[in-house]
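For reference, model-v7.csv is printed below; it contains CSV, C-alpha atoms and all ligand atoms.
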chain,number,residue,atom,x,y,z
X,1,MET,CA,63.8,34.9,85.6
X,2,SER,CA,63.9,34.6,89.4
X,3,SER,CA,65.2,37.5,91.5
X,4,PHE,CA,68.2,37.0,93.8
X,5,THR,CA,67.6,36.0,97.4
X,6,GLU,CA,70.2,36.0,100.1
X,7,SER,CA,71.0,32.8,101.8
X,8,GLU,CA,69.3,32.2,105.2
X,9,THR,CA,72.7,32.6,106.9
X,10,LEU,CA,73.4,35.9,105.3
X,11,LYS,CA,69.9,37.2,106.2
X,12,ARG,CA,70.9,37.1,109.8
X,13,VAL,CA,74.0,39.3,109.2
X,14,LYS,CA,74.2,43.1,108.9
X,15,PRO,CA,76.8,44.9,106.8
X,16,SER,CA,79.6,46.7,108.8
X,17,PRO,CA,78.0,49.8,110.2
X,18,THR,CA,81.3,51.6,110.5
X,19,LEU,CA,82.0,51.2,106.8
X,20,ALA,CA,78.4,52.3,106.2
X,21,VAL,CA,78.9,55.6,108.1
X,22,THR,CA,82.1,56.3,106.2
X,23,ALA,CA,80.3,55.7,102.9
X,24,LYS,CA,77.5,58.0,103.9
X,25,ALA,CA,80.0,60.8,104.9
X,26,ARG,CA,81.8,60.3,101.5
X,27,GLU,CA,78.5,60.7,99.7
X,28,LEU,CA,77.6,63.9,101.5
X,29,ALA,CA,81.2,65.2,100.8
X,30,ARG,CA,80.6,64.4,97.1
X,31,GLN,CA,77.5,66.7,97.3
X,32,GLY,CA,79.8,69.5,98.4
X,33,LYS,CA,79.1,69.3,102.1
X,34,LYS,CA,82.0,70.0,104.5
X,35,VAL,CA,81.7,66.7,106.3
X,36,ILE,CA,84.2,65.6,109.0
X,37,SER,CA,84.2,61.9,109.2
X,38,LEU,CA,85.3,60.4,112.5
X,39,GLY,CA,83.9,57.0,111.6
X,40,ALA,CA,86.9,55.1,110.1
X,41,GLY,CA,89.2,53.1,112.3
X,42,GLU,CA,92.6,53.5,110.7
X,43,PRO,CA,95.7,55.4,111.6
X,44,ASP,CA,96.3,58.6,109.5
X,45,PHE,CA,100.1,57.9,109.4
X,46,ASP,CA,101.9,56.5,106.4
X,47,THR,CA,103.4,53.0,106.4
X,48,PRO,CA,107.1,53.5,107.4
X,49,GLU,CA,109.5,53.7,104.5
X,50,ASN,CA,111.6,50.7,105.5
X,51,ILE,CA,108.5,48.5,105.2
X,52,CYS,CA,107.5,50.0,101.8
X,53,ASP,CA,111.1,49.4,100.6
X,54,ALA,CA,110.9,45.7,101.7
X,55,ALA,CA,107.8,45.3,99.6
X,56,ILE,CA,109.5,46.9,96.6
X,57,LYS,CA,112.5,44.6,97.0
X,58,ALA,CA,110.2,41.6,97.3
X,59,ILE,CA,108.5,42.5,94.0
X,60,LYS,CA,111.9,43.0,92.3
X,61,ARG,CA,113.1,39.6,93.7
X,62,GLY,CA,110.1,38.0,92.1
X,63,GLU,CA,108.2,37.2,95.2
X,64,THR,CA,105.0,37.5,93.2
X,65,ARG,CA,103.6,34.0,93.2
X,66,TYR,CA,101.3,31.9,95.4
X,67,THR,CA,102.9,31.3,98.8
X,68,ASP,CA,102.4,28.7,101.5
X,69,VAL,CA,98.7,28.8,102.3
X,70,ASP,CA,98.8,30.3,105.8
X,71,GLY,CA,102.0,32.3,105.5
X,72,ILE,CA,105.6,32.1,104.4
X,73,LEU,CA,108.0,30.6,106.9
X,74,GLU,CA,110.0,33.8,107.3
X,75,LEU,CA,106.9,35.7,108.4
X,76,LYS,CA,105.8,32.8,110.7
X,77,GLN,CA,109.3,32.9,112.3
X,78,ALA,CA,109.0,36.8,112.7
X,79,ILE,CA,105.7,36.2,114.4
X,80,VAL,CA,107.1,33.6,116.8
X,81,ASP,CA,109.9,36.0,117.6
X,82,LYS,CA,107.4,38.8,118.2
X,83,PHE,CA,105.3,36.7,120.6
X,84,LYS,CA,108.4,35.7,122.6
X,85,ARG,CA,110.0,39.2,122.6
X,86,GLU,CA,106.9,41.2,123.4
X,87,ASN,CA,104.5,38.8,125.2
X,88,GLY,CA,106.8,36.1,126.7
X,89,LEU,CA,104.8,33.5,124.8
X,90,GLU,CA,106.5,30.4,123.3
X,91,TYR,CA,105.1,29.2,120.0
X,92,LYS,CA,106.4,27.0,117.1
X,93,THR,CA,105.9,28.1,113.5
X,94,SER,CA,103.4,25.3,113.2
X,95,GLN,CA,101.2,27.1,115.7
X,96,VAL,CA,101.0,30.3,113.6
X,97,HIS,CA,98.4,31.3,111.0
X,98,VAL,CA,98.6,34.3,108.7
X,99,ALA,CA,95.6,35.6,106.8
X,100,PRO,CA,94.7,38.7,104.6
X,101,GLY,CA,94.0,40.9,107.7
X,102,GLY,CA,93.0,40.5,111.3
X,103,LYS,CA,89.4,40.2,110.3
X,104,PRO,CA,89.9,37.0,108.2
X,105,VAL,CA,91.9,35.5,111.1
X,106,ILE,CA,88.9,35.8,113.4
X,107,TYR,CA,86.5,34.6,110.6
X,108,ASN,CA,88.7,31.6,109.9
X,109,ALA,CA,88.8,30.7,113.6
X,110,MET,CA,85.0,30.9,113.9
X,111,MET,CA,84.5,28.9,110.6
X,112,ALA,CA,86.9,26.2,111.7
X,113,SER,CA,85.4,25.7,115.1
X,114,LEU,CA,81.7,26.5,115.4
X,115,ASN,CA,78.8,24.0,115.0
X,116,PRO,CA,75.2,25.2,114.9
X,117,GLY,CA,74.1,26.1,118.4
X,118,ASP,CA,77.6,26.8,119.7
X,119,GLU,CA,77.7,30.0,121.7
X,120,VAL,CA,80.3,32.7,121.6
X,121,ILE,CA,80.5,35.3,124.4
X,122,VAL,CA,81.0,38.8,123.0
X,123,PRO,CA,81.6,41.5,125.7
X,124,ALA,CA,79.9,44.7,124.8
X,125,PRO,CA,80.7,47.3,123.7
X,126,TYR,CA,82.2,45.1,121.0
X,127,TRP,CA,83.9,45.6,117.7
X,128,VAL,CA,81.1,45.5,115.2
X,129,SER,CA,82.3,42.5,113.3
X,130,TYR,CA,82.4,39.9,116.1
X,131,PRO,CA,78.7,39.0,116.4
X,132,ASP,CA,78.2,39.0,112.6
X,133,MET,CA,81.2,36.8,112.0
X,134,VAL,CA,79.8,34.3,114.6
X,135,LEU,CA,76.5,34.3,112.8
X,136,LEU,CA,78.1,33.8,109.4
X,137,ALA,CA,79.9,30.8,110.9
X,138,GLY,CA,76.6,29.3,112.1
X,139,GLY,CA,77.2,30.1,115.8
X,140,THR,CA,75.2,32.2,118.3
X,141,PRO,CA,76.6,35.4,119.8
X,142,VAL,CA,75.9,35.9,123.5
X,143,VAL,CA,76.4,39.5,124.5
X,144,ALA,CA,77.8,40.2,128.0
X,145,ILE,CA,77.8,43.9,129.0
X,146,GLY,CA,80.7,45.7,130.4
X,147,GLU,CA,79.2,48.9,131.9
X,148,MET,CA,80.7,52.4,131.7
X,149,GLU,CA,80.9,52.4,135.5
X,150,THR,CA,83.3,49.4,135.4
X,151,GLY,CA,85.4,51.0,132.6
X,152,PHE,CA,83.5,49.0,129.9
X,153,LYS,CA,85.2,45.9,131.0
X,154,LEU,CA,83.7,42.4,131.5
X,155,ARG,CA,83.5,41.5,135.1
X,156,PRO,CA,84.2,37.9,136.3
X,157,GLU,CA,80.6,37.6,137.6
X,158,THR,CA,79.1,38.7,134.2
X,159,LEU,CA,81.3,36.2,132.5
X,160,GLU,CA,80.3,33.4,134.8
X,161,ALA,CA,76.6,34.2,134.2
X,162,ALA,CA,77.1,34.1,130.5
X,163,ILE,CA,78.7,30.7,130.3
X,164,THR,CA,76.6,27.7,129.4
X,165,PRO,CA,77.5,24.1,128.4
X,166,LYS,CA,77.2,25.3,124.8
X,167,THR,CA,79.8,28.1,125.2
X,168,LYS,CA,82.6,27.5,122.7
X,169,TRP,CA,84.5,30.9,122.8
X,170,LEU,CA,85.0,34.1,124.8
X,171,ILE,CA,86.2,36.9,122.6
X,172,LEU,CA,88.4,39.4,124.4
X,173,ASN,CA,89.6,42.7,122.9
X,174,SER,CA,92.1,44.8,124.7
X,175,PRO,CA,92.6,47.7,124.1
X,176,SER,CA,89.1,47.7,122.9
X,177,ASN,CA,87.5,49.1,119.8
X,178,PRO,CA,85.2,51.0,120.5
X,179,SER,CA,85.8,51.9,124.2
X,180,GLY,CA,89.7,52.0,124.3
X,181,ALA,CA,89.5,50.1,127.6
X,182,ALA,CA,92.4,47.8,128.3
X,183,TYR,CA,92.5,44.9,130.8
X,184,THR,CA,95.3,44.9,133.4
X,185,ALA,CA,97.1,41.6,134.2
X,186,ASP,CA,95.1,41.3,137.4
X,187,GLU,CA,91.8,41.8,135.6
X,188,LEU,CA,92.8,39.0,133.1
X,189,ARG,CA,93.7,36.7,136.0
X,190,ALA,CA,90.3,37.3,137.5
X,191,LEU,CA,88.6,36.3,134.3
X,192,GLY,CA,91.0,33.4,134.0
X,193,GLU,CA,89.8,32.0,137.4
X,194,VAL,CA,86.3,31.8,135.9
X,195,LEU,CA,87.5,30.2,132.7
X,196,LYS,CA,89.6,27.6,134.5
X,197,ARG,CA,86.3,26.3,135.9
X,198,HIS,CA,84.8,25.8,132.4
X,199,PRO,CA,87.2,23.7,130.3
X,200,GLN,CA,84.9,23.8,127.2
X,201,VAL,CA,85.4,27.5,126.7
X,202,TRP,CA,88.2,28.7,124.5
X,203,VAL,CA,89.5,32.3,124.4
X,204,LEU,CA,90.1,34.4,121.3
X,205,THR,CA,92.0,37.4,122.3
X,206,ASP,CA,92.1,40.2,119.7
X,207,ASP,CA,95.3,42.2,120.5
X,208,MET,CA,95.2,44.4,117.5
X,209,TYR,CA,95.7,47.6,119.5
X,210,GLU,CA,98.5,46.3,121.7
X,211,HIS,CA,100.9,49.0,120.8
X,212,ILE,CA,98.5,51.9,121.1
X,213,LEU,CA,98.5,52.4,124.9
X,214,TYR,CA,98.7,55.5,127.1
X,215,ASP,CA,99.9,56.8,130.4
X,216,GLY,CA,102.5,53.9,130.7
X,217,PHE,CA,99.7,51.2,130.7
X,218,GLN,CA,101.4,47.8,131.1
X,219,TYR,CA,100.1,45.5,128.4
X,220,ALA,CA,99.2,41.9,129.2
X,221,THR,CA,97.6,39.2,127.1
X,222,ILE,CA,95.6,36.3,128.7
X,223,ALA,CA,97.8,33.3,127.6
X,224,GLN,CA,100.8,35.0,129.1
X,225,VAL,CA,99.2,35.8,132.5
X,226,VAL,CA,97.0,32.7,132.8
X,227,PRO,CA,99.3,29.9,131.4
X,228,GLU,CA,96.7,27.3,132.2
X,229,LEU,CA,94.7,28.7,129.3
X,230,TYR,CA,97.5,28.5,126.8
X,231,ASP,CA,96.1,25.3,125.3
X,232,ARG,CA,92.7,26.8,124.5
X,233,THR,CA,93.7,30.4,123.6
X,234,LEU,CA,94.1,31.9,120.2
X,235,THR,CA,96.2,35.0,120.4
X,236,MET,CA,95.4,37.2,117.5
X,237,ASN,CA,97.2,40.3,116.3
X,238,GLY,CA,98.2,42.1,113.0
X,239,VAL,CA,100.2,44.8,111.4
X,240,SER,CA,97.2,47.0,110.4
X,241,LYS,CA,97.1,49.4,113.4
X,242,ALA,CA,100.6,49.3,115.0
X,243,TYR,CA,102.4,49.7,111.7
X,244,SER,CA,99.9,51.8,109.8
X,245,MET,CA,99.3,49.0,107.3
X,246,THR,CA,95.5,48.7,107.0
X,247,GLY,CA,95.6,48.4,103.2
X,248,TRP,CA,98.3,45.7,103.1
X,249,ARG,CA,95.9,43.2,104.7
X,250,ILE,CA,98.0,41.0,107.0
X,251,GLY,CA,96.7,39.6,110.3
X,252,TYR,CA,98.1,36.7,112.3
X,253,CYS,CA,97.5,34.5,115.3
X,254,ALA,CA,99.1,31.7,117.3
X,255,GLY,CA,97.4,28.9,119.1
X,256,PRO,CA,96.9,25.1,119.4
X,257,GLU,CA,98.1,23.2,116.4
X,258,GLY,CA,94.8,21.4,115.7
X,259,LEU,CA,92.9,24.7,115.4
X,260,ILE,CA,95.7,26.3,113.3
X,261,LYS,CA,95.6,23.3,110.9
X,262,ALA,CA,91.8,23.6,110.6
X,263,MET,CA,92.1,27.3,109.9
X,264,GLY,CA,94.6,26.6,107.2
X,265,LYS,CA,92.2,24.2,105.6
X,266,ILE,CA,89.7,27.1,105.3
X,267,GLU,CA,92.2,29.5,103.9
X,268,SER,CA,93.3,26.8,101.3
X,269,GLN,CA,89.7,26.8,100.0
X,270,SER,CA,89.0,30.5,100.2
X,271,THR,CA,91.8,33.1,99.7
X,272,SER,CA,94.7,30.6,99.0
X,273,ASN,CA,97.2,32.8,100.7
X,274,PRO,CA,97.8,36.4,101.9
X,275,CYS,CA,99.4,38.7,99.3
X,276,SER,CA,103.1,37.6,98.9
X,277,ILE,CA,104.4,41.2,98.8
X,278,ALA,CA,102.5,42.2,101.9
X,279,GLN,CA,103.9,39.2,103.7
X,280,TRP,CA,107.4,40.4,103.0
X,281,ALA,CA,106.5,43.9,104.1
X,282,ALA,CA,105.1,42.4,107.4
X,283,VAL,CA,108.4,40.5,107.9
X,284,GLU,CA,110.2,43.9,107.9
X,285,ALA,CA,107.5,45.5,110.1
X,286,LEU,CA,108.0,42.8,112.8
X,287,ASN,CA,111.8,42.4,112.5
X,288,GLY,CA,112.7,46.0,111.7
X,289,PRO,CA,113.0,49.2,113.9
X,290,GLN,CA,110.1,49.6,116.4
X,291,ASP,CA,111.0,53.0,117.7
X,292,PHE,CA,108.3,54.9,115.7
X,293,ILE,CA,105.5,52.9,117.5
X,294,PRO,CA,105.7,54.7,120.9
X,295,GLN,CA,106.3,58.0,119.0
X,296,ARG,CA,103.0,57.6,117.1
X,297,ALA,CA,101.3,56.4,120.3
X,298,ALA,CA,102.4,59.7,122.0
X,299,VAL,CA,100.7,61.6,119.1
X,300,PHE,CA,97.5,59.6,119.7
X,301,GLN,CA,97.6,60.3,123.4
X,302,LYS,CA,97.7,64.1,122.8
X,303,ARG,CA,94.7,63.8,120.5
X,304,ARG,CA,92.9,61.6,123.1
X,305,ASP,CA,93.4,64.3,125.8
X,306,LEU,CA,92.1,67.0,123.4
X,307,VAL,CA,89.0,65.0,122.5
X,308,VAL,CA,88.2,63.8,126.0
X,309,ALA,CA,88.5,67.4,127.4
X,310,MET,CA,86.4,68.9,124.6
X,311,LEU,CA,83.6,66.3,124.7
X,312,ASN,CA,83.3,66.5,128.5
X,313,ASN,CA,82.5,70.2,127.8
X,314,ALA,CA,79.7,69.3,125.5
X,315,LYS,CA,76.3,69.5,127.2
X,316,GLY,CA,74.8,66.1,128.1
X,317,VAL,CA,78.0,64.2,127.1
X,318,THR,CA,80.2,62.2,129.5
X,319,CYS,CA,83.4,61.0,128.0
X,320,PRO,CA,85.5,58.5,130.0
X,321,THR,CA,89.3,58.5,129.4
X,322,PRO,CA,90.4,55.4,127.4
X,323,ASP,CA,93.6,53.5,128.1
X,324,GLY,CA,94.5,52.8,124.5
X,325,ALA,CA,93.4,52.4,120.8
X,326,PHE,CA,92.3,55.5,119.0
X,327,TYR,CA,88.6,55.7,119.9
X,328,VAL,CA,86.5,57.4,122.6
X,329,TYR,CA,83.1,56.1,123.6
X,330,PRO,CA,81.2,59.0,125.2
X,331,SER,CA,77.8,58.6,126.8
X,332,ILE,CA,75.0,60.8,125.5
X,333,ALA,CA,72.5,59.8,128.3
X,334,GLY,CA,72.2,63.6,129.1
X,335,CYS,CA,70.9,64.3,125.5
X,336,ILE,CA,68.2,61.6,125.4
X,337,GLY,CA,64.7,63.0,125.3
X,338,LYS,CA,65.8,66.5,124.1
X,339,GLN,CA,64.8,68.1,120.8
X,340,ALA,CA,67.2,68.7,117.9
X,341,PRO,CA,67.0,71.9,115.8
X,342,SER,CA,65.1,69.9,113.1
X,343,GLY,CA,62.4,69.3,115.6
X,344,LYS,CA,63.2,65.6,116.0
X,345,ILE,CA,63.4,64.1,119.5
X,346,ILE,CA,66.7,62.5,120.3
X,347,ASP,CA,65.3,59.1,121.3
X,348,SER,CA,68.4,57.0,120.6
X,349,ASP,CA,72.1,57.2,119.9
X,350,GLU,CA,71.2,56.4,116.2
X,351,THR,CA,69.0,59.6,116.0
X,352,PHE,CA,71.7,61.5,117.8
X,353,ALA,CA,74.3,60.5,115.2
X,354,SER,CA,72.0,61.1,112.2
X,355,GLU,CA,70.9,64.6,113.5
X,356,LEU,CA,74.6,65.5,114.2
X,357,LEU,CA,75.5,64.5,110.6
X,358,GLN,CA,72.6,66.5,109.1
X,359,THR,CA,73.0,69.6,111.4
X,360,GLU,CA,76.8,69.9,111.9
X,361,GLU,CA,78.1,67.5,109.2
X,362,VAL,CA,80.1,65.4,111.7
X,363,ALA,CA,80.0,61.6,111.1
X,364,VAL,CA,80.3,59.4,114.2
X,365,VAL,CA,79.1,55.8,114.8
X,366,HIS,CA,76.1,55.3,117.1
X,367,GLY,CA,76.6,53.1,120.1
X,368,ALA,CA,73.9,50.6,119.2
X,369,ALA,CA,76.2,49.3,116.5
X,370,PHE,CA,78.6,48.3,119.2
X,371,GLY,CA,76.0,46.7,121.4
X,372,LEU,CA,75.8,49.4,124.2
X,373,SER,CA,73.6,52.5,124.2
X,374,PRO,CA,73.3,55.5,124.5
X,375,PHE,CA,76.8,56.2,123.3
X,376,PHE,CA,78.7,57.1,120.2
X,377,ARG,CA,82.2,56.3,118.9
X,378,ILE,CA,84.7,58.8,117.6
X,379,SER,CA,87.9,57.7,115.9
X,380,TYR,CA,90.6,60.3,116.7
X,381,ALA,CA,93.1,59.0,114.2
X,382,THR,CA,93.1,62.4,112.5
X,383,SER,CA,94.8,65.8,113.0
X,384,GLU,CA,94.3,68.0,116.1
X,385,ALA,CA,92.9,70.8,113.8
X,386,VAL,CA,90.2,68.5,112.4
X,387,LEU,CA,89.5,67.1,115.9
X,388,THR,CA,89.2,70.6,117.4
X,389,GLU,CA,86.7,71.6,114.6
X,390,ALA,CA,84.7,68.4,115.0
X,391,CYS,CA,84.5,68.6,118.7
X,392,SER,CA,83.4,72.3,118.5
X,393,ARG,CA,80.7,71.3,116.2
X,394,ILE,CA,79.6,68.5,118.6
X,395,GLN,CA,79.6,71.1,121.4
X,396,ARG,CA,77.4,73.4,119.3
X,397,PHE,CA,75.0,70.6,118.4
X,398,CYS,CA,74.7,69.5,122.0
X,399,ALA,CA,74.1,73.1,123.2
X,400,SER,CA,71.3,73.5,120.6
X,401,LEU,CA,69.4,70.6,122.0
X,402,LYS,CA,66.3,71.7,124.0
X,501,LIG,C1,89.4,45.2,117.3
X,501,LIG,C2,89.7,45.0,115.9
X,501,LIG,N1,90.1,43.8,115.5
X,501,LIG,C3,90.4,43.5,114.2
X,501,LIG,C4,90.4,44.5,113.3
X,501,LIG,C5,90.7,44.1,111.8
X,501,LIG,O1,91.9,44.4,111.4
X,501,LIG,P1,92.3,44.2,109.9
X,501,LIG,O2,92.2,45.5,109.2
X,501,LIG,O3,93.7,43.7,109.9
X,501,LIG,O4,91.4,43.2,109.3
X,501,LIG,C6,90.0,45.8,113.6
X,501,LIG,C7,89.9,46.8,112.6
X,501,LIG,O5,89.2,47.8,112.7
X,501,LIG,C8,89.7,46.0,114.9
X,501,LIG,O6,89.3,47.2,115.3
Could you write out this structure as structure tokens?
Ligand SMILES: Cc1ncc(COP(=O)(O)O)c(C=O)c1O
Amino acid sequence: MSSFTESETLKRVKPSPTLAVTAKARELARQGKKVISLGAGEPDFDTPENICDAAIKAIKRGETRYTDVDGILELKQAIVDKFKRENGLEYKTSQVHVAPGGKPVIYNAMMASLNPGDEVIVPAPYWVSYPDMVLLAGGTPVVAIGEMETGFKLRPETLEAAITPKTKWLILNSPSNPSGAAYTADELRALGEVLKRHPQVWVLTDDMYEHILYDGFQYATIAQVVPELYDRTLTMNGVSKAYSMTGWRIGYCAGPEGLIKAMGKIESQSTSNPCSIAQWAAVEALNGPQDFIPQRAAVFQKRRDLVVAMLNNAKGVTCPTPDGAFYVYPSIAGCIGKQAPSGKIIDSDETFASELLQTEEVAVVHGAAFGLSPFFRISYATSEAVLTEACSRIQRFCASLK
């Protein structure tokens, strides 16, 4: 009997490191350790009751069968209305695609469009899944660094330098996972000026964290502020983060009809359709009351302020203040080269994270997973009490480095 071997494509791909950290923390907790896991990227709030009720009603109405492949018309209309209301963007329902989560939306877009050798510019620090999804679809990720000094944002000159005749996509993510950085309308316009010179480049903008913004930050998305790019922009979003619906698995996007049709072809031969019940819940999420969203963002902002202040008091750590999302991405440049209590030298952010987990039982994700070192990411989507305890442990760990 021959043993199993992965496909050549899959060999190029790594499993999600954030899910791996969470699994490791769970394993230590099972062994009785008092682990605090700050690895997972999901709100700790419950899905609002009106959304749950809409799902229950959908079940009772018998909405339990296959649906249209890339979303029921009622949800597509709710998405069209959302883009008009919140982003000033005009789409038809035929320009909308719904998939089982934001992740499959991006995956479908890559699968629908990439040929071998096509390049996709992924600004770092990036959400862990972008480069691997590009690889799975047969493309080549091209990492373009946004340094801490420029707020982790891609500068127009860096974008210009990364573009080649083979560039197919630029992936933008604002506010960003992992840095929390958000692009202003002017910053998007400056990137738009570069993109206007390169008509072969399309833009996938991942707006998942649109509603989790702080200090009155004015949200902007690129198709809105650079209308010349509308015909080559895929504006992607979802209900996972804004509506605390990570488990329901609904993501969506809007863009040019040809691309949307091609993405539907993939869905028709893979998932068939997103869960019928979750789609009806998403209709209620988008059409129902929105007032809890800023209330929840205010809670996140308090947590952000707590975490930023405490981490800036940890020796060797510098923690910039993010504009949105629920992550901080502190630098540990001041810890590199020091010795941990175990005797190990902190030679990378990966060693920092594993020593922190062993010594103080706090699980964070190392920066290398997001393409920019030496940093680590904390998700602060948890209570202030837990965050205070976790940050005290990090302070103690950093103080113990010699
Ligand atoms: C930037 C970003 N995009 C997309 C997603 C995927 O969202 P979903 O859970 O809807 O697949 C996430 C989830 O962590 C994310 O952080």
| query | Hey, what's within 9 Å of Glu119 of chain X if we count all atoms listed in the file and toss same-chain stuff fewer than 4 positions away? As a PyMOL selection string, please? | reply | chain X and resi 114+134+139-142+163-170
| field | Contacts with ligand LIG 501 (chain X) at most 8 Å, only C-alpha atoms and all ligand atoms counted, listed as a PyMOL selection string | value | chain X and resi 41-42+100-106+127+173-178+206-209+237-241+246-247+249-251
| Got a sec: who's within 7 Å of segment 298-314 of chain X, counting only C-alpha atoms, leaving out chain neighbours fewer than 4 positions off, as a ChimeraX atom specification? | /X:214,294,318-319,321,326,380,384,387,391,394-395,398
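Residue nearest Pro156 of chain X, chosen from X:Thr205, X:Ile222, X:Glu193, X:Met133 and counting only C-alpha atoms: X:Glu193.
Distance annotation: of X:Pro227, X:Gly316, X:Gly216, X:Gly62, the residue with the minimal separation from Gly334 of chain X is X:Gly316; atom set is all atoms listed in the file.
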| task | List every protein, DNA or RNA residue with an atom no more than 8 Å from (83.2, 64.5, 106.5) in the file's coordinates, counting only C-alpha atoms, and format the result as a ChimeraX atom specification. | result | /X:25-26,28-29,33-38,361-363
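Note that atom CA of Val143 of chain X and atom CA of Ile121 of chain X are 5.9 Å apart.
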| note | Residue with the minimum atom-to-atom distance to Leu19 of chain X, picked from X:Asn273, X:Val364, X:Val69, X:Lys57 with only C-alpha atoms counted, is X:Val364
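With only the atoms specified (all atoms listed in the file) counting, those residues at most 10 Å away from (87.9, 22.7, 127.2) are Thr167, Lys168, Trp169, Leu195, Lys196, Arg197, His198, Pro199, Gln200, Val201, Trp202, Leu229, Asp231 and Arg232 of chain X.
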| said: So the first atom is atom CA of Lys11 of chain X and the second is atom CA of Pro131 of chain X; what is the distance between them in Å, to one decimal place? | reply: 13.6 Å
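Look at Leu372 of chain X: the protein and nucleic acid residues within 9 Å of it, using all atoms listed in the file and passing over chain neighbours fewer than 6 places away, are Ala124, Pro125, Tyr126, Ile145, Gly146 and Glu147 of chain X.
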| field | Selected residue, from X:Thr9, X:Val283, X:Cys335, X:Ser179, that lies nearest to Thr150 of chain X when counting all atoms listed in the file | value | X:Ser179
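Remark: for Pro274 of chain X, the closest of the candidate residues X:Leu136, X:Val120, X:Leu89, X:Val98 is X:Val98 (distances computed over all atoms listed in the file).
Nearest residue to Asp68 of chain X, choosing from X:Ala99, X:Ala297, X:Met110, X:Ala54 and counting only C-alpha atoms: X:Ala99.
The coordinates place atom CA of Thr382 of chain X at 11.9 Å from atom CA of Arg296 of chain X.
Residues in contact range of Ala78 of chain X, defined as at most 10 Å between all atoms listed in the file, with sequence neighbours fewer than 2 positions away removed, read X:Leu73, X:Glu74, X:Leu75, X:Lys76, X:Val80, X:Asp81, X:Lys82, X:Phe83, X:Lys84, X:Thr93, X:Ala282, X:Val283, X:Glu284, X:Ala285, X:Leu286, X:Asn287, X:Gly288.
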| message | I want to know what sits within 6 Å of Gln339 of chain X, based on all atoms listed in the file, with residues of the same chain fewer than 2 positions away left out; could you give that as a PyMOL selection string? | response | chain X and resi 343-346+401-402
